[in-house]
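Pasted below: target32.txt, compact mmCIF, C-alpha atoms and all ligand atoms.
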```txt
# COMPACT_ATOMS: atom_id res chain seq x y z
CA MET A 159 0.00 0.00 0.00
CA GLN A 160 1.12 3.55 -0.65
CA LEU A 161 0.87 6.10 2.12
CA THR A 162 2.05 9.56 3.02
CA LEU A 163 3.25 10.37 6.50
CA ARG A 164 3.10 14.02 7.43
CA ILE A 165 5.58 14.45 10.28
CA LEU A 166 6.17 17.50 12.45
CA ARG A 167 9.89 18.24 12.31
CA PHE A 168 11.79 20.38 14.75
CA THR A 169 15.25 20.47 16.26
CA GLN A 170 15.78 22.15 19.60
CA GLY A 171 18.12 25.11 19.23
CA ASP A 172 17.60 25.29 15.46
CA ALA A 173 16.57 28.57 13.85
CA GLN A 174 14.01 26.80 11.68
CA PRO A 175 10.57 26.77 13.34
CA PRO A 176 8.52 23.55 13.62
CA HIS A 177 7.26 22.48 10.20
CA TYR A 178 5.55 19.50 8.61
CA GLN A 179 7.35 17.30 6.12
CA ASP A 180 5.63 14.71 3.93
CA PHE A 181 7.12 11.30 3.20
CA THR A 182 5.49 9.02 0.65
CA LEU A 183 6.33 5.35 0.90
CA GLU A 184 5.27 1.88 -0.15
CA MET A 185 4.58 -0.52 2.71
CA PRO A 186 2.98 -3.95 3.19
CA PRO A 187 -0.65 -3.81 4.44
CA SER A 188 0.39 -5.14 7.84
CA ALA A 189 2.85 -2.27 8.48
CA THR A 190 2.68 -0.47 11.78
CA VAL A 191 3.30 3.24 12.12
CA LEU A 192 6.67 2.37 13.63
CA ASP A 193 7.52 0.23 10.59
CA CYS A 194 6.81 3.29 8.44
CA LEU A 195 9.09 5.46 10.57
CA GLU A 196 11.88 2.87 10.31
CA GLU A 197 11.40 2.76 6.55
CA ILE A 198 11.72 6.53 6.26
CA LYS A 199 14.75 6.66 8.52
CA GLY A 200 16.46 3.78 6.72
CA HIS A 201 15.72 4.75 3.14
CA GLN A 202 14.64 8.37 2.86
CA ASP A 203 15.91 10.58 5.67
CA GLY A 204 18.32 9.31 8.28
CA SER A 205 17.92 12.50 10.29
CA LEU A 206 14.30 11.69 11.22
CA THR A 207 14.36 11.11 14.96
CA PHE A 208 12.01 9.01 17.09
CA ARG A 209 12.21 6.70 20.09
CA ARG A 210 11.56 2.97 19.98
CA SER A 211 12.84 -0.13 21.64
CA CYS A 212 10.73 -3.25 22.15
CA ARG A 213 8.33 -3.00 19.18
CA SER A 214 5.86 -4.97 21.31
CA ALA A 215 3.88 -2.34 23.26
CA ILE A 216 5.84 -3.11 26.40
CA CYS A 217 8.51 -0.41 26.74
CA GLY A 218 6.32 2.62 25.94
CA SER A 219 9.16 4.37 24.09
CA CYS A 220 7.41 5.02 20.79
CA ALA A 221 4.41 7.00 22.10
CA VAL A 222 3.52 9.80 19.68
CA ARG A 223 0.44 11.63 18.50
CA ILE A 224 -1.13 9.94 15.50
CA ASN A 225 -3.69 12.16 13.79
CA GLY A 226 -3.92 14.18 17.00
CA ARG A 227 -4.45 11.17 19.30
CA SER A 228 -1.75 9.81 21.58
CA GLY A 229 -0.74 6.19 21.15
CA LEU A 230 2.09 3.77 20.48
CA ALA A 231 3.54 3.74 16.97
CA CYS A 232 4.44 0.05 17.29
CA LYS A 233 0.90 -0.96 18.27
CA THR A 234 -0.91 1.06 15.61
CA GLN A 235 -1.33 -0.36 12.15
CA ALA A 236 -0.93 2.36 9.53
CA ARG A 237 -3.92 1.18 7.49
CA ASP A 238 -6.18 1.69 10.55
CA VAL A 239 -5.28 5.37 10.93
CA MET A 240 -4.65 6.61 7.39
CA ASP A 241 -7.38 8.44 5.55
CA SER A 242 -8.89 7.39 2.21
CA ARG A 243 -5.91 8.95 0.42
CA GLY A 244 -3.39 7.08 2.54
CA ARG A 245 -2.36 10.08 4.66
CA LEU A 246 -1.62 10.23 8.35
CA THR A 247 -0.02 12.84 10.59
CA LEU A 248 2.54 12.27 13.32
CA GLU A 249 3.46 14.76 16.02
CA PRO A 250 5.36 14.50 19.32
CA LEU A 251 3.52 14.06 22.63
CA ARG A 252 2.16 17.24 24.18
CA TYR A 253 3.28 19.08 27.33
CA GLN A 254 6.90 17.96 27.06
CA PRO A 255 9.62 20.01 25.33
CA VAL A 256 10.57 18.63 21.93
CA ILE A 257 14.22 17.69 21.62
CA LYS A 258 14.07 16.61 17.99
CA ASP A 259 11.18 15.61 15.73
CA LEU A 260 9.15 13.00 17.66
CA VAL A 261 11.48 12.79 20.66
CA VAL A 262 10.43 14.76 23.73
CA ASP A 263 12.20 15.54 26.98
CA GLN A 264 10.21 13.36 29.36
CA SER A 265 11.22 15.28 32.49
CA PRO A 266 7.73 16.83 33.01
CA TYR A 267 6.25 13.32 32.96
CA TRP A 268 8.75 11.84 35.41
CA GLN A 269 8.60 14.86 37.72
CA ARG A 270 4.89 14.23 38.13
CA TYR A 271 5.46 10.53 38.61
CA HIS A 272 8.16 10.98 41.25
CA ALA A 273 6.03 13.53 43.08
CA ILE A 274 3.60 10.86 44.30
CA ILE A 275 6.37 8.74 45.94
CA PRO A 276 6.09 5.82 43.50
CA TRP A 277 7.93 3.27 45.60
CA VAL A 278 7.35 1.18 48.70
CA THR A 279 8.95 2.46 51.90
CA PRO A 280 8.77 -0.60 54.19
CA LYS A 281 8.70 -0.75 57.98
CA ALA A 282 12.06 -1.06 59.71
CA ASP A 283 11.44 -4.65 60.85
CA LEU A 284 11.50 -6.33 57.46
CA PRO A 285 10.61 -10.02 57.41
CA GLU A 286 13.48 -12.39 56.62
CA ARG A 287 11.61 -13.96 53.73
CA GLU A 288 9.44 -12.48 50.97
CA ASN A 289 7.54 -9.34 51.92
CA ARG A 290 4.29 -10.18 50.21
CA ILE A 291 0.94 -8.47 49.77
CA SER A 292 -2.37 -10.27 49.57
CA PRO A 293 -4.26 -11.09 46.35
CA HIS A 294 -7.04 -8.84 47.69
CA GLU A 295 -4.67 -5.86 47.76
CA VAL A 296 -3.49 -6.61 44.22
CA GLU A 297 -7.13 -6.75 43.15
CA ARG A 298 -7.80 -3.35 44.74
CA MET A 299 -4.98 -1.79 42.74
CA GLY A 300 -6.94 -2.57 39.61
CA THR A 301 -4.58 -2.62 36.66
CA ALA A 302 -2.62 0.46 37.74
CA GLU A 303 0.55 -1.53 38.37
CA THR A 304 0.75 -2.61 34.71
CA CYS A 305 1.29 0.96 33.42
CA ILE A 306 4.26 1.13 31.01
CA ASN A 307 4.81 4.88 31.56
CA CYS A 308 4.59 5.78 27.90
CA GLY A 309 3.02 9.18 28.71
CA ALA A 310 0.22 8.87 26.15
CA CYS A 311 -2.42 9.57 28.80
CA LEU A 312 -0.76 12.76 30.02
CA SER A 313 -0.44 14.01 26.45
CA SER A 314 -4.15 13.40 25.87
CA CYS A 315 -5.44 15.17 28.99
CA PRO A 316 -6.81 18.67 28.25
CA ILE A 317 -6.53 19.76 31.87
CA VAL A 318 -2.75 20.00 31.60
CA LEU A 319 -3.28 22.76 29.08
CA THR A 320 -4.93 25.00 31.67
CA ASP A 321 -3.11 23.65 34.71
CA PRO A 322 0.47 22.75 33.71
CA ASP A 323 1.10 21.50 37.26
CA TYR A 324 -1.74 18.97 37.27
CA LEU A 325 -0.25 15.65 38.38
CA GLY A 326 -2.05 13.88 35.56
CA PRO A 327 -3.58 10.46 35.02
CA SER A 328 -0.58 8.13 35.19
CA ALA A 329 0.95 9.65 38.32
CA LEU A 330 -2.42 9.56 40.06
CA ALA A 331 -3.06 5.98 38.98
CA ALA A 332 0.37 5.07 40.37
CA ALA A 333 -0.56 6.83 43.61
CA TRP A 334 -3.63 4.60 43.87
CA ARG A 335 -1.43 1.54 43.30
CA PHE A 336 0.98 2.48 46.12
CA CYS A 337 -1.79 3.60 48.48
CA ASN A 338 -3.05 0.00 48.39
CA ASP A 339 0.26 -1.59 49.30
CA SER A 340 0.24 -2.67 52.95
CA ARG A 341 4.06 -2.90 52.97
CA ASP A 342 4.32 0.86 52.50
CA THR A 343 4.58 3.40 55.35
CA ARG A 344 4.10 6.69 53.47
CA ARG A 345 0.45 6.38 52.52
CA ALA A 346 -0.71 9.43 54.49
CA GLU A 347 2.04 11.56 52.94
CA ARG A 348 1.09 10.36 49.44
CA LEU A 349 -2.59 11.02 50.04
CA LYS A 350 -1.81 14.57 51.12
CA ILE A 351 0.08 15.12 47.85
CA VAL A 352 -2.76 13.87 45.64
CA ASP A 353 -5.30 15.84 47.71
CA SER A 354 -3.45 19.07 46.82
CA ALA A 355 -4.58 21.78 44.38
CA ASN A 356 -2.91 19.94 41.48
CA GLY A 357 -4.12 16.51 42.45
CA VAL A 358 -7.22 14.39 42.02
CA TRP A 359 -9.68 17.25 42.26
CA ARG A 360 -8.32 18.79 39.06
CA CYS A 361 -9.51 15.84 36.97
CA HIS A 362 -12.67 16.74 35.05
CA THR A 363 -13.38 13.12 34.08
CA VAL A 364 -12.73 13.83 30.42
CA PHE A 365 -11.83 10.14 29.83
CA ASN A 366 -9.24 10.94 27.13
CA CYS A 367 -6.66 9.12 29.24
CA ILE A 368 -8.61 5.86 28.99
CA GLU A 369 -8.88 6.19 25.24
CA ALA A 370 -5.16 6.96 24.90
CA CYS A 371 -3.84 4.16 27.10
CA PRO A 372 -2.33 1.45 24.84
CA LYS A 373 -2.58 -1.08 27.66
CA GLY A 374 -6.30 -0.61 28.22
CA LEU A 375 -5.86 0.81 31.73
CA ASN A 376 -8.37 3.08 33.40
CA PRO A 377 -6.71 6.04 35.16
CA THR A 378 -10.08 7.74 35.63
CA TRP A 379 -11.26 4.84 37.78
CA ALA A 380 -8.07 5.07 39.88
CA ILE A 381 -8.55 8.82 40.33
CA THR A 382 -12.13 8.25 41.47
CA GLN A 383 -10.96 5.59 43.92
CA LEU A 384 -8.37 8.01 45.31
CA ARG A 385 -11.05 10.67 45.78
CA ASN A 386 -13.22 8.17 47.64
CA LEU A 387 -10.27 7.17 49.80
CA ILE A 388 -9.44 10.78 50.64
CA MET A 389 -13.06 11.48 51.61
CA ARG A 390 -13.26 8.32 53.74
CA GLU A 391 -10.03 9.26 55.49
CA LYS A 392 -11.38 12.75 56.20
CA LEU A 393 -14.76 11.52 57.40
CA PHE A 394 -13.73 8.40 59.29
CA GLY A 395 -9.97 8.80 59.65
CA GLY A 396 -9.12 5.22 58.71
CA HIS A 397 -8.52 2.82 55.96
CA SER A 398 -11.58 0.99 54.67
FE1 LIG B 401 -7.58 14.11 32.25
FE2 LIG B 401 -8.24 11.58 32.29
FE3 LIG B 401 -9.19 13.21 34.12
S1 LIG B 401 -8.02 12.84 30.51
S2 LIG B 401 -9.36 15.14 33.06
S3 LIG B 401 -7.09 12.66 33.85
S4 LIG B 401 -10.29 11.56 33.15
```
Could you show the structure in this file as structure tokens?
Amino acid sequence: MQLTLRILRFTQGDAQPPHYQDFTLEMPPSATVLDCLEEIKGHQDGSLTFRRSCRSAICGSCAVRINGRSGLACKTQARDVMDSRGRLTLEPLRYQPVIKDLVVDQSPYWQRYHAIIPWVTPKADLPERENRISPHEVERMGTAETCINCGACLSSCPIVLTDPDYLGPSALAAAWRFCNDSRDTRRAERLKIVDSANGVWRCHTVFNCIEACPKGLNPTWAITQLRNLIMREKLFGGHS
């Protein structure tokens, strides 16, 4: 099949402003968007820059905007997103400074993520064997622990546009995951962070994050659970 990829090009520090460049190529019908990018880089323009690693929707590296929607280039088949004339548009993720072409500086994503204390701080008296949590606790986390941190959800959330400090869907979903881990000792501290002005109450339940997530996760559900937990803590002062 023949298709034309319109790609937003930009190099940080370059005098040339961001501009679109079209690449027309011939690909097999099964080609993914990432296959198309590899084809362009290998045979048309070696300077085209994008991230990728696993090619299996596991590492999250190749998240980009495809026709304005955030997703993984390796998981998206080109024929599913091109228009009737074989055209599709690729742009870098939003809310993160562009380094070159489709590669963004992910610091704003990771700053949000680190802000919610995304690790377990165990009690001092650690057991000698495995420090396990119960299947019930894992169930309560929902699917939040399977996030691959691709950043597609953050890029799709319109709230970040008006509140650049909003913690965003993936960080809040991670907060829900760690708030349900009985091995952790910093739950109260984490809850205070997500109960702040830039936390769970900023979500307007737009649901874009669910649509963008390539792993089928539901950050909106996790945010709602966190809100419920905060309210229960305030009303009853305990875990329920
Ligand atoms: Fe944003 Fe998702 Fe809430 S898109 S507004 S975090 S439901």
Please tabulate, as CSV, the residues of segment 211-231 of chain A that come within 10 Å of segment 244-251 of chain A, each with its closest pair of atoms and the distance in Å to one decimal, counting all atoms listed in the file and ordering rows by chain, then residue number upward.
```
residue,atom,partner,partner_atom,distance
A:Cys220,CA,A:Pro250,CA,9.8
A:Ala221,CA,A:Leu251,CA,7.1
A:Val222,CA,A:Pro250,CA,5.1
A:Arg223,CA,A:Glu249,CA,5.0
A:Ile224,CA,A:Leu248,CA,4.9
A:Asn225,CA,A:Thr247,CA,4.9
A:Gly226,CA,A:Glu249,CA,7.5
A:Arg227,CA,A:Leu251,CA,9.1
A:Ser228,CA,A:Leu251,CA,6.9
A:Gly229,CA,A:Leu251,CA,9.1
A:Ala231,CA,A:Leu248,CA,9.3
```
message = How would you report the residues lying within 8 Å of ligand LIG 401 (chain B), as a PyMOL selection string, if you count only C-alpha atoms and all ligand atoms?
response = chain A and resi 311-312+314-318+326-327+360-368+377-378+381
Checklist entry - So which residues touch segment 188-202 of chain A within 8 Å, counting only C-alpha atoms, skipping near sequence neighbours fewer than 4 positions away, as a ChimeraX atom specification? => result /A:181,183,206-208,213,220,231-237
task = Tell me which of A:Arg345, A:Arg252, A:Lys258, A:Arg390 sits closest to Arg167 of chain A, counting only C-alpha atoms.
result =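 Under the stated criterion, the closest residue is A:Lys258.
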ask   = What is the atom CA of Val261 of chain A to atom CA of Arg209 of chain A distance in Å?
value =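 Taking atom CA of Val261 of chain A as the start and atom CA of Arg209 of chain A as the end point, the length is 6.2 Å.
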Would you place a box with edges along x, y and z of the file around all atoms of segment 312-324 of chain A listed there, add 4 Å to each of its six sides, and report the centre and edge lengths in Å to one decimal, as lines of an AutoDock Vina configuration file?
```
center_x = -2.9
center_y = 18.9
center_z = 31.6
size_x = 15.9
size_y = 20.2
size_z = 19.4
```
note - atom CA of Pro280 of chain A and atom CA of Pro293 of chain A are separated by 18.5 Å
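Between Leu384 of chain A and the residues A:Trp359, A:Trp277, A:Tyr178, A:Phe168, the shortest atom-to-atom distance, using only C-alpha atoms, involves A:Trp359.
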So how far away is atom CA of Leu387 of chain A from atom CA of Val278 of chain A, in Å?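 The value is 18.6 Å.
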